[in-house]
file run_38.cif (mmCIF, C-alpha atoms and all ligand atoms)
data_protein
loop_
_atom_site.group_PDB
_atom_site.id
_atom_site.type_symbol
_atom_site.label_atom_id
_atom_site.label_comp_id
_atom_site.auth_asym_id
_atom_site.auth_seq_id
_atom_site.Cartn_x
_atom_site.Cartn_y
_atom_site.Cartn_z
ATOM 1 C CA VAL P 1 -22.746 -6.292 1.133
ATOM 2 C CA LEU P 2 -22.517 -9.730 -0.522
ATOM 3 C CA THR P 3 -19.795 -11.638 1.347
ATOM 4 C CA GLU P 4 -17.956 -14.867 0.574
ATOM 5 C CA HIS P 5 -15.486 -16.718 2.784
ATOM 6 C CA SER P 6 -14.476 -19.598 0.519
ATOM 7 C CA VAL P 7 -12.462 -19.546 -2.672
ATOM 8 C CA ALA P 8 -14.894 -21.970 -4.342
ATOM 9 C CA GLU P 9 -17.913 -19.692 -3.743
ATOM 10 C CA LEU P 10 -15.906 -16.611 -4.714
ATOM 11 C CA ARG P 11 -15.006 -18.233 -8.035
ATOM 12 C CA LYS P 12 -18.638 -19.160 -8.746
ATOM 13 C CA ARG P 13 -19.741 -15.564 -8.290
ATOM 14 C CA ILE P 14 -16.992 -14.176 -10.469
ATOM 15 C CA GLN P 15 -17.619 -16.760 -13.182
ATOM 16 C CA ARG P 16 -21.141 -15.390 -13.617
ATOM 17 C CA TRP P 17 -19.737 -11.937 -14.327
ATOM 18 C CA ARG P 18 -17.063 -13.257 -16.650
ATOM 19 C CA ALA P 19 -19.721 -15.161 -18.611
ATOM 20 C CA ILE P 20 -21.261 -11.827 -19.600
ATOM 21 C CA ASP P 21 -17.875 -10.223 -20.274
ATOM 22 C CA GLN P 22 -17.830 -7.978 -17.245
ATOM 23 C CA LYS P 23 -14.544 -6.478 -16.215
ATOM 24 C CA VAL P 24 -13.483 -7.226 -12.626
ATOM 25 C CA ALA P 25 -11.394 -5.061 -10.287
ATOM 26 C CA LEU P 26 -9.837 -6.197 -7.022
ATOM 27 C CA VAL P 27 -8.995 -4.001 -4.041
ATOM 28 C CA PRO P 28 -6.947 -6.092 -1.578
ATOM 29 C CA THR P 29 -7.061 -4.799 2.018
ATOM 30 C CA MET P 30 -6.455 -5.906 5.579
ATOM 31 C CA GLY P 31 -9.713 -4.305 6.727
ATOM 32 C CA ASN P 32 -10.151 -1.592 9.354
ATOM 33 C CA LEU P 33 -11.171 0.503 6.409
ATOM 34 C CA HIS P 34 -10.753 4.277 6.300
ATOM 35 C CA ALA P 35 -11.318 6.952 3.670
ATOM 36 C CA GLY P 36 -8.083 5.914 1.908
ATOM 37 C CA HIS P 37 -9.460 2.426 1.245
ATOM 38 C CA ILE P 38 -12.823 3.804 0.160
ATOM 39 C CA ALA P 39 -11.038 6.035 -2.371
ATOM 40 C CA LEU P 40 -9.451 2.862 -3.819
ATOM 41 C CA VAL P 41 -12.875 1.202 -4.067
ATOM 42 C CA LYS P 42 -14.365 4.248 -5.798
ATOM 43 C CA HIS P 43 -11.455 4.383 -8.198
ATOM 44 C CA ALA P 44 -11.857 0.662 -8.922
ATOM 45 C CA HIS P 45 -15.478 1.317 -9.876
ATOM 46 C CA GLN P 46 -14.264 3.688 -12.580
ATOM 47 C CA LEU P 47 -11.993 1.007 -14.018
ATOM 48 C CA ALA P 48 -14.254 -2.065 -14.035
ATOM 49 C CA ASP P 49 -17.878 -3.278 -14.061
ATOM 50 C CA ARG P 50 -17.515 -5.197 -10.821
ATOM 51 C CA VAL P 51 -15.445 -4.489 -7.728
ATOM 52 C CA VAL P 52 -14.270 -7.214 -5.359
ATOM 53 C CA VAL P 53 -12.740 -6.103 -2.047
ATOM 54 C CA SER P 54 -10.753 -8.600 -0.011
ATOM 55 C CA ILE P 55 -10.234 -8.275 3.727
ATOM 56 C CA PHE P 56 -7.531 -10.566 5.016
ATOM 57 C CA VAL P 57 -5.025 -9.796 7.751
ATOM 58 C CA ASN P 58 -2.184 -11.788 6.253
ATOM 59 C CA PRO P 59 -0.059 -13.390 8.982
ATOM 60 C CA MET P 60 2.742 -14.084 6.506
ATOM 61 C CA GLN P 61 3.640 -10.414 6.100
ATOM 62 C CA PHE P 62 4.027 -9.719 9.832
ATOM 63 C CA GLY P 63 7.346 -10.344 11.595
ATOM 64 C CA PRO P 64 7.355 -12.322 14.865
ATOM 65 C CA GLN P 65 7.674 -9.108 16.903
ATOM 66 C CA GLU P 66 5.091 -7.199 14.857
ATOM 67 C CA ASP P 67 1.449 -6.321 15.467
ATOM 68 C CA PHE P 68 -0.433 -9.218 13.776
ATOM 69 C CA ALA P 69 -2.481 -10.055 16.891
ATOM 70 C CA ALA P 70 -3.087 -6.393 17.754
ATOM 71 C CA TYR P 71 -3.866 -5.285 14.198
ATOM 72 C CA PRO P 72 -7.303 -3.594 14.379
ATOM 73 C CA ARG P 73 -10.164 -5.757 13.093
ATOM 74 C CA THR P 74 -13.519 -4.026 12.577
ATOM 75 C CA PRO P 75 -15.603 -6.302 10.303
ATOM 76 C CA ASP P 76 -19.020 -4.731 10.949
ATOM 77 C CA ALA P 77 -17.909 -1.162 10.350
ATOM 78 C CA ASP P 78 -15.967 -2.321 7.263
ATOM 79 C CA LYS P 79 -19.048 -3.968 5.752
ATOM 80 C CA LEU P 80 -21.124 -0.867 6.295
ATOM 81 C CA GLN P 81 -18.570 1.335 4.530
ATOM 82 C CA LEU P 82 -18.262 -1.114 1.643
ATOM 83 C CA ALA P 83 -22.043 -1.228 1.231
ATOM 84 C CA VAL P 84 -22.135 2.560 1.034
ATOM 85 C CA ALA P 85 -19.253 2.588 -1.477
ATOM 86 C CA GLY P 86 -21.148 0.074 -3.638
ATOM 87 C CA THR P 87 -18.865 -2.952 -3.446
ATOM 88 C CA ASP P 88 -20.115 -5.914 -5.501
ATOM 89 C CA LEU P 89 -18.455 -8.629 -3.455
ATOM 90 C CA LEU P 90 -16.496 -8.827 -0.225
ATOM 91 C CA PHE P 91 -14.084 -11.732 0.141
ATOM 92 C CA THR P 92 -13.061 -12.411 3.754
ATOM 93 C CA PRO P 93 -11.298 -15.778 3.986
ATOM 94 C CA GLU P 94 -10.029 -17.339 7.216
ATOM 95 C CA VAL P 95 -6.302 -18.044 7.510
ATOM 96 C CA ASP P 96 -6.930 -21.778 6.838
ATOM 97 C CA GLU P 97 -8.694 -20.979 3.578
ATOM 98 C CA VAL P 98 -5.693 -19.022 2.307
ATOM 99 C CA TYR P 99 -2.995 -21.283 3.791
ATOM 100 C CA PRO P 100 -4.661 -24.729 4.037
ATOM 101 C CA GLY P 101 -1.340 -26.501 4.617
ATOM 102 C CA GLY P 102 -0.011 -23.835 6.976
ATOM 103 C CA MET P 103 2.503 -21.147 6.088
ATOM 104 C CA ASP P 104 5.781 -22.917 6.841
ATOM 105 C CA LYS P 105 6.210 -24.821 3.601
ATOM 106 C CA VAL P 106 3.955 -22.828 1.334
ATOM 107 C CA SER P 107 5.446 -21.750 -2.012
ATOM 108 C CA ARG P 108 6.620 -18.172 -1.828
ATOM 109 C CA VAL P 109 6.922 -15.272 -4.202
ATOM 110 C CA GLU P 110 10.085 -13.210 -3.870
ATOM 111 C CA VAL P 111 10.677 -9.902 -5.604
ATOM 112 C CA PRO P 112 14.409 -9.322 -5.212
ATOM 113 C CA ALA P 113 14.349 -6.213 -7.426
ATOM 114 C CA PHE P 114 12.673 -4.241 -4.638
ATOM 115 C CA ASP P 115 13.185 -6.330 -1.502
ATOM 116 C CA GLY P 116 16.104 -6.086 0.936
ATOM 117 C CA ILE P 117 16.106 -2.272 0.933
ATOM 118 C CA LEU P 118 14.116 0.345 2.898
ATOM 119 C CA ASP P 119 11.087 -1.413 4.422
ATOM 120 C CA GLY P 120 12.392 -4.721 3.067
ATOM 121 C CA ALA P 121 15.561 -4.266 5.144
ATOM 122 C CA SER P 122 13.688 -3.120 8.255
ATOM 123 C CA ARG P 123 11.029 -5.829 7.968
ATOM 124 C CA PRO P 124 12.691 -9.065 6.751
ATOM 125 C CA GLY P 125 10.204 -11.346 4.983
ATOM 126 C CA HIS P 126 7.507 -8.672 4.842
ATOM 127 C CA PHE P 127 7.465 -8.208 1.074
ATOM 128 C CA THR P 128 7.668 -11.955 0.446
ATOM 129 C CA GLY P 129 4.533 -12.243 2.595
ATOM 130 C CA VAL P 130 2.856 -9.431 0.660
ATOM 131 C CA ALA P 131 3.841 -10.760 -2.777
ATOM 132 C CA THR P 132 2.776 -14.290 -1.859
ATOM 133 C CA VAL P 133 -0.658 -13.322 -0.588
ATOM 134 C CA VAL P 134 -1.303 -10.848 -3.396
ATOM 135 C CA SER P 135 -0.360 -13.450 -6.009
ATOM 136 C CA LYS P 136 -2.755 -15.886 -4.302
ATOM 137 C CA LEU P 137 -5.512 -13.257 -4.289
ATOM 138 C CA PHE P 138 -4.826 -12.555 -7.975
ATOM 139 C CA ASN P 139 -5.205 -16.274 -8.708
ATOM 140 C CA MET P 140 -8.360 -16.561 -6.629
ATOM 141 C CA VAL P 141 -10.124 -13.533 -8.115
ATOM 142 C CA GLN P 142 -8.355 -13.296 -11.496
ATOM 143 C CA PRO P 143 -9.059 -9.579 -11.722
ATOM 144 C CA ASP P 144 -8.462 -7.478 -14.834
ATOM 145 C CA VAL P 145 -7.222 -4.658 -12.667
ATOM 146 C CA ALA P 146 -6.120 -4.280 -9.034
ATOM 147 C CA VAL P 147 -5.876 -0.997 -7.111
ATOM 148 C CA PHE P 148 -3.348 -0.231 -4.341
ATOM 149 C CA GLY P 149 -2.621 2.885 -2.304
ATOM 150 C CA GLU P 150 0.519 4.863 -3.014
ATOM 151 C CA LYS P 151 1.152 5.350 0.691
ATOM 152 C CA ASP P 152 2.809 1.935 0.555
ATOM 153 C CA TYR P 153 5.037 3.074 -2.289
ATOM 154 C CA GLN P 154 7.562 0.241 -2.129
ATOM 155 C CA GLN P 155 4.746 -2.307 -1.862
ATOM 156 C CA LEU P 156 3.178 -0.904 -5.024
ATOM 157 C CA LEU P 157 6.478 -1.304 -6.889
ATOM 158 C CA VAL P 158 6.898 -4.839 -5.498
ATOM 159 C CA ILE P 159 3.435 -5.856 -6.720
ATOM 160 C CA ARG P 160 3.791 -4.201 -10.111
ATOM 161 C CA ARG P 161 7.161 -5.884 -10.618
ATOM 162 C CA MET P 162 5.823 -9.265 -9.484
ATOM 163 C CA ALA P 163 2.910 -9.043 -11.927
ATOM 164 C CA ALA P 164 5.282 -8.131 -14.772
ATOM 165 C CA ASP P 165 7.973 -10.726 -13.904
ATOM 166 C CA LEU P 166 5.463 -13.559 -13.531
ATOM 167 C CA SER P 167 3.384 -12.512 -16.566
ATOM 168 C CA MET P 168 0.238 -12.048 -14.515
ATOM 169 C CA PRO P 169 -2.564 -10.720 -16.714
ATOM 170 C CA VAL P 170 -3.583 -7.938 -14.349
ATOM 171 C CA GLN P 171 -3.133 -4.192 -14.530
ATOM 172 C CA VAL P 172 -1.736 -2.863 -11.236
ATOM 173 C CA VAL P 173 -2.982 0.660 -10.583
ATOM 174 C CA GLY P 174 -1.737 3.045 -7.892
ATOM 175 C CA HIS P 175 -3.916 5.622 -6.190
ATOM 176 C CA PRO P 176 -2.564 8.785 -4.512
ATOM 177 C CA THR P 177 -2.325 8.794 -0.723
ATOM 178 C CA VAL P 178 -5.416 10.069 1.058
ATOM 179 C CA ARG P 179 -4.595 12.372 3.962
ATOM 180 C CA GLU P 180 -6.184 13.786 7.088
ATOM 181 C CA ALA P 181 -6.816 17.547 7.050
ATOM 182 C CA ASP P 182 -3.451 18.157 8.761
ATOM 183 C CA GLY P 183 -1.542 16.133 6.154
ATOM 184 C CA LEU P 184 -1.077 12.852 8.054
ATOM 185 C CA ALA P 185 -1.389 9.920 5.646
ATOM 186 C CA MET P 186 -4.406 7.783 6.538
ATOM 187 C CA SER P 187 -3.414 4.454 8.046
ATOM 188 C CA SER P 188 -4.938 1.889 10.373
ATOM 189 C CA ARG P 189 -1.791 2.191 12.482
ATOM 190 C CA ASN P 190 -2.587 5.853 13.287
ATOM 191 C CA GLN P 191 -4.900 4.395 15.946
ATOM 192 C CA TYR P 192 -1.878 3.325 17.949
ATOM 193 C CA LEU P 193 -1.014 6.999 18.542
ATOM 194 C CA THR P 194 -1.871 8.694 21.843
ATOM 195 C CA LYS P 195 -3.536 12.097 21.674
ATOM 196 C CA SER P 196 -0.248 13.976 22.035
ATOM 197 C CA GLU P 197 1.526 11.713 19.515
ATOM 198 C CA ARG P 198 -1.346 12.276 17.075
ATOM 199 C CA ALA P 199 -0.688 16.018 17.381
ATOM 200 C CA GLN P 200 3.024 15.451 16.565
ATOM 201 C CA ALA P 201 2.390 13.006 13.712
ATOM 202 C CA PRO P 202 1.864 15.501 10.815
ATOM 203 C CA LEU P 203 5.543 16.455 11.150
ATOM 204 C CA LEU P 204 6.395 13.378 9.074
ATOM 205 C CA ARG P 205 4.579 14.758 6.042
ATOM 206 C CA ARG P 206 5.885 18.271 6.701
ATOM 207 C CA VAL P 207 9.500 17.090 6.696
ATOM 208 C CA LEU P 208 8.913 15.237 3.411
ATOM 209 C CA SER P 209 7.341 18.347 1.867
ATOM 210 C CA GLU P 210 10.221 20.571 3.010
ATOM 211 C CA THR P 211 12.719 18.101 1.570
ATOM 212 C CA GLY P 212 10.712 18.181 -1.657
ATOM 213 C CA VAL P 213 10.912 21.973 -1.791
ATOM 214 C CA LEU P 214 14.704 21.883 -1.336
ATOM 215 C CA LEU P 215 14.990 19.285 -4.116
ATOM 216 C CA ARG P 216 12.867 21.477 -6.395
ATOM 217 C CA ASP P 217 15.163 24.377 -5.589
ATOM 218 C CA GLY P 218 17.983 22.352 -7.124
ATOM 219 C CA ASN P 219 19.632 21.010 -4.003
ATOM 220 C CA LYS P 220 21.461 17.811 -4.977
ATOM 221 C CA ASP P 221 23.259 17.083 -1.716
ATOM 222 C CA PHE P 222 20.975 14.133 -1.053
ATOM 223 C CA ALA P 223 22.970 12.833 1.934
ATOM 224 C CA ASP P 224 22.752 16.233 3.630
ATOM 225 C CA LEU P 225 19.017 16.553 2.916
ATOM 226 C CA GLN P 226 18.445 13.120 4.421
ATOM 227 C CA THR P 227 20.461 13.992 7.534
ATOM 228 C CA GLN P 228 18.556 17.260 7.997
ATOM 229 C CA ALA P 229 15.227 15.444 7.678
ATOM 230 C CA LEU P 230 16.267 12.769 10.202
ATOM 231 C CA ARG P 231 17.318 15.500 12.644
ATOM 232 C CA ARG P 232 13.982 17.303 12.286
ATOM 233 C CA LEU P 233 12.080 14.092 12.949
ATOM 234 C CA THR P 234 14.164 13.208 15.994
ATOM 235 C CA ALA P 235 13.752 16.729 17.370
ATOM 236 C CA GLY P 236 9.996 16.339 16.863
ATOM 237 C CA GLY P 237 9.786 13.207 19.022
ATOM 238 C CA PHE P 238 10.054 10.534 16.303
ATOM 239 C CA ARG P 239 12.482 7.617 16.254
ATOM 240 C CA PRO P 240 13.226 7.615 12.547
ATOM 241 C CA ASP P 241 14.001 4.358 10.785
ATOM 242 C CA TYR P 242 15.015 5.998 7.491
ATOM 243 C CA VAL P 243 14.541 9.022 5.267
ATOM 244 C CA GLU P 244 15.808 8.266 1.769
ATOM 245 C CA ILE P 245 15.796 10.109 -1.538
ATOM 246 C CA ARG P 246 15.528 7.505 -4.272
ATOM 247 C CA ASN P 247 14.898 7.082 -7.962
ATOM 248 C CA ALA P 248 11.095 6.868 -8.158
ATOM 249 C CA ASP P 249 11.107 3.942 -10.590
ATOM 250 C CA THR P 250 14.023 1.778 -9.402
ATOM 251 C CA LEU P 251 14.370 2.857 -5.738
ATOM 252 C CA ALA P 252 18.128 3.095 -6.323
ATOM 253 C CA PRO P 253 19.799 5.962 -4.437
ATOM 254 C CA ALA P 254 18.980 9.185 -6.292
ATOM 255 C CA GLY P 255 21.490 10.355 -8.863
ATOM 256 C CA ALA P 256 22.091 13.978 -9.802
ATOM 257 C CA GLU P 257 20.566 13.368 -13.257
ATOM 258 C CA ASP P 258 17.378 11.683 -11.999
ATOM 259 C CA ALA P 259 14.178 13.659 -12.624
ATOM 260 C CA ARG P 260 11.661 11.280 -11.115
ATOM 261 C CA LEU P 261 12.439 11.053 -7.416
ATOM 262 C CA VAL P 262 10.679 9.807 -4.338
ATOM 263 C CA VAL P 263 11.449 10.759 -0.762
ATOM 264 C CA LEU P 264 10.538 7.833 1.487
ATOM 265 C CA ALA P 265 10.364 7.846 5.260
ATOM 266 C CA ALA P 266 9.617 5.408 8.043
ATOM 267 C CA ALA P 267 9.620 6.510 11.668
ATOM 268 C CA TRP P 268 8.337 5.294 14.988
ATOM 269 C CA LEU P 269 6.131 7.532 17.082
ATOM 270 C CA GLY P 270 5.328 5.763 20.345
ATOM 271 C CA LYS P 271 3.988 2.318 19.417
ATOM 272 C CA ALA P 272 3.234 3.221 15.804
ATOM 273 C CA ARG P 273 5.606 2.743 12.905
ATOM 274 C CA LEU P 274 4.474 5.365 10.391
ATOM 275 C CA ILE P 275 5.508 5.477 6.744
ATOM 276 C CA ASP P 276 4.960 8.148 4.131
ATOM 277 C CA ASN P 277 6.508 9.263 0.862
ATOM 278 C CA LEU P 278 6.670 12.162 -1.548
ATOM 279 C CA PRO P 279 7.059 11.409 -5.246
ATOM 280 C CA LEU P 280 8.211 14.350 -7.354
ATOM 281 C CA ASP P 281 9.107 14.906 -10.965
ATOM 282 C CA LEU P 282 11.724 17.632 -11.361
ATOM 283 C CA SER P 283 11.111 17.795 -15.119
ATOM 284 C CA VAL P 284 7.599 19.118 -14.499
ATOM 285 C CA PRO P 285 8.034 22.746 -13.403
ATOM 286 C CA GLN P 286 4.723 23.418 -11.673
ATOM 287 C CA ASP P 287 3.391 20.204 -10.238
ATOM 288 C CA ARG P 288 4.847 19.385 -6.868
ATOM 289 C CA THR P 289 4.082 15.724 -7.096
ATOM 290 C CA PHE P 290 3.193 13.168 -9.678
ATOM 291 C CA VAL P 291 0.867 10.223 -9.433
ATOM 292 C CA LEU P 292 2.530 6.868 -9.824
ATOM 293 C CA SER P 293 -0.615 5.502 -11.465
ATOM 294 C CA GLN P 294 -0.302 4.093 -14.925
ATOM 295 C CA PRO P 295 -2.431 5.682 -17.636
ATOM 296 C CA GLU P 296 -5.920 4.544 -16.878
ATOM 297 C CA THR P 297 -8.894 3.645 -18.987
ATOM 298 C CA VAL P 298 -11.857 5.270 -17.347
ATOM 299 C CA GLY P 299 -15.421 4.217 -18.084
HETATM 300 O O1 LIG P 301 -1.565 -2.961 1.891
HETATM 301 C C1 LIG P 301 -2.164 -3.875 2.487
HETATM 302 O O2 LIG P 301 -3.198 -3.660 3.140
HETATM 303 C C2 LIG P 301 -1.605 -5.286 2.420
HETATM 304 O O3 LIG P 301 -0.228 -5.270 2.417
HETATM 305 C C3 LIG P 301 -2.168 -6.079 1.239
HETATM 306 C C4 LIG P 301 -1.783 -5.467 -0.084
HETATM 307 C C5 LIG P 301 -3.681 -6.166 1.356
HETATM 308 C C6 LIG P 301 -1.600 -7.502 1.260
HETATM 309 O O4 LIG P 301 -1.937 -8.172 2.423
#
call {"tool": "encode", "arguments": {"input": "run_38.cif", "output": "structure tokens", "more": "lines below"}}
Ligand code: PAF
result
Amino acid sequence: VLTEHSVAELRKRIQRWRAIDQKVALVPTMGNLHAGHIALVKHAHQLADRVVVSIFVNPMQFGPQEDFAAYPRTPDADKLQLAVAGTDLLFTPEVDEVYPGGMDKVSRVEVPAFDGILDGASRPGHFTGVATVVSKLFNMVQPDVAVFGEKDYQQLLVIRRMAADLSMPVQVVGHPTVREADGLAMSSRNQYLTKSERAQAPLLRRVLSETGVLLRDGNKDFADLQTQALRRLTAGGFRPDYVEIRNADTLAPAGAEDARLVVLAAAWLGKARLIDNLPLDLSVPQDRTFVLSQPETVG
């Protein structure tokens, strides 16, 4: 797969496509690609003429005690998968290319509307790191459309809000979470699980689904539902960080009148901090879940 490491070369390539009016999609990743990422790439192909995938493990979004150094890096396997998926261009910059003056004094992008709560509270500075690097990637690639996984639900809202607040001319598209056969959301961090933890891990999704069923049944005692879910996770060997029922669009605590809800969870299992979520629209009788994606132009 065609690979560029420098912003200057990346821009030259993209300029050639722009010159003939081709539409460009970006799929930002941190590599160690799995079927969830490949689904994003395939979706991007439906939305644009050209698909750029970036692989950059962004130090700015990791806390000092987090797994930046240990984060799995598998460049050869990634390239092979991207070639098979038909990626037009892979952009893999070094840290110095993205942060030439270092990270300490770099200008930052903050998204207070969605930071400071949930994962923003548990991981201080994380979403500033995400918003900063994604805004830099948007400026480097200048894509028409960018595709992100819905597994990182809060991240998707952060990026969509950033693009809207800062008038970035890019359509931010969400793609439903891709799961293993037993329901576990695909994630690079699943590799941190031991064999027995891997067998316990699908409980996270199960607890979210059961909470979803109770919500569909009309249960509005959100605090009690959250407590029950936390108990189930703890009993199943997790160290839960949070289980929260929120308004799907604002992430404010769910109100009794809200129809669009999302149940979000983060929980440690051994060395892995797993996250998952269940969006549901109570105004739609049949469908269990809805897709956060905006209406899309396909073709
Ligand atoms: O979701 C990720 O892999 C990262 O947070 C992203 C969006 C590539 C930014 O570094």
call {"tool": "resolve_selection", "arguments": {"input": "run_38.cif", "expression": "the PyMOL selection byres (((not hetatm)) within 9 of (chain P and resi 301))", "output": "number ranges by chain"}}
result
P: 27-31, 37, 54-61, 126-127, 129-134, 137, 148-149, 151-152, 155-156, 159
call {"tool": "resolve_selection", "arguments": {"input": "run_38.cif", "expression": "the PyMOL selection byres (((chain P and resi 247-264) around 10) and not hetatm)", "output": "ChimeraX atom specification"}}
result
/P:113-114,117-119,151-154,157,207-209,211-212,215,218-223,226,242-246,265-266,275-284,289-290,292
call {"tool": "closest_residue", "arguments": {"input": "run_38.cif", "among": "P:Met103, P:Val158, P:Leu26, P:Ala83", "to": "Asp115 of chain P", "atoms": "only C-alpha atoms"}}
result
P:Val158
call {"tool": "resolve_selection", "arguments": {"input": "run_38.cif", "expression": "the PyMOL selection byres (((chain P and resi 176) around 6) and not hetatm)", "output": "ChimeraX atom specification"}}
result
/P:150,175,177
call {"tool": "residues_around", "arguments": {"input": "run_38.cif", "residues": "segment 169-172 of chain P", "least_positions_apart": "2", "cutoff": "6 Å", "atoms": "only C-alpha atoms", "output": "number ranges by chain"}}
result
P: 144-146, 160
call {"tool": "atom_distance", "arguments": {"input": "run_38.cif", "atom1": "atom CA of His45 of chain P", "atom2": "atom CA of Arg205 of chain P"}}
result
28.9 Å
call {"tool": "atom_distance", "arguments": {"input": "run_38.cif", "atom1": "atom CA of Leu80 of chain P", "atom2": "atom CA of Val1 of chain P"}}
result
7.7 Å
call {"tool": "closest_residue", "arguments": {"input": "run_38.cif", "among": "P:Arg50, P:Arg231, P:Arg123, P:Leu269", "to": "Arg18 of chain P", "atoms": "all atoms listed in the file"}}
result
P:Arg50
call {"tool": "axis_aligned_box", "arguments": {"input": "run_38.cif", "around": "segment 108-121 of chain P", "padding_each_side": "5 Å", "output": "lines of an AutoDock Vina configuration file"}}
result
center_x = 11.4
center_y = -8.9
center_z = -1.1
size_x = 19.5
size_y = 28.5
size_z = 22.6
call {"tool": "residues_around", "arguments": {"input": "run_38.cif", "residues": "Thr194 of chain P", "least_positions_apart": "5", "cutoff": "12 Å", "atoms": "all atoms listed in the file", "output": "list in words"}}
result
Arg189, Ala199, Gln200, Ala201, Leu269, Gly270, Lys271 and Ala272 of chain P
call {"tool": "closest_residue", "arguments": {"input": "run_38.cif", "among": "P:Asn139, P:Thr87, P:Ser107, P:Gln191", "to": "His43 of chain P", "atoms": "all atoms listed in the file"}}
result
P:Thr87
call {"tool": "atom_distance", "arguments": {"input": "run_38.cif", "atom1": "atom CA of Ala19 of chain P", "atom2": "atom CA of Arg161 of chain P"}}
result
29.5 Å
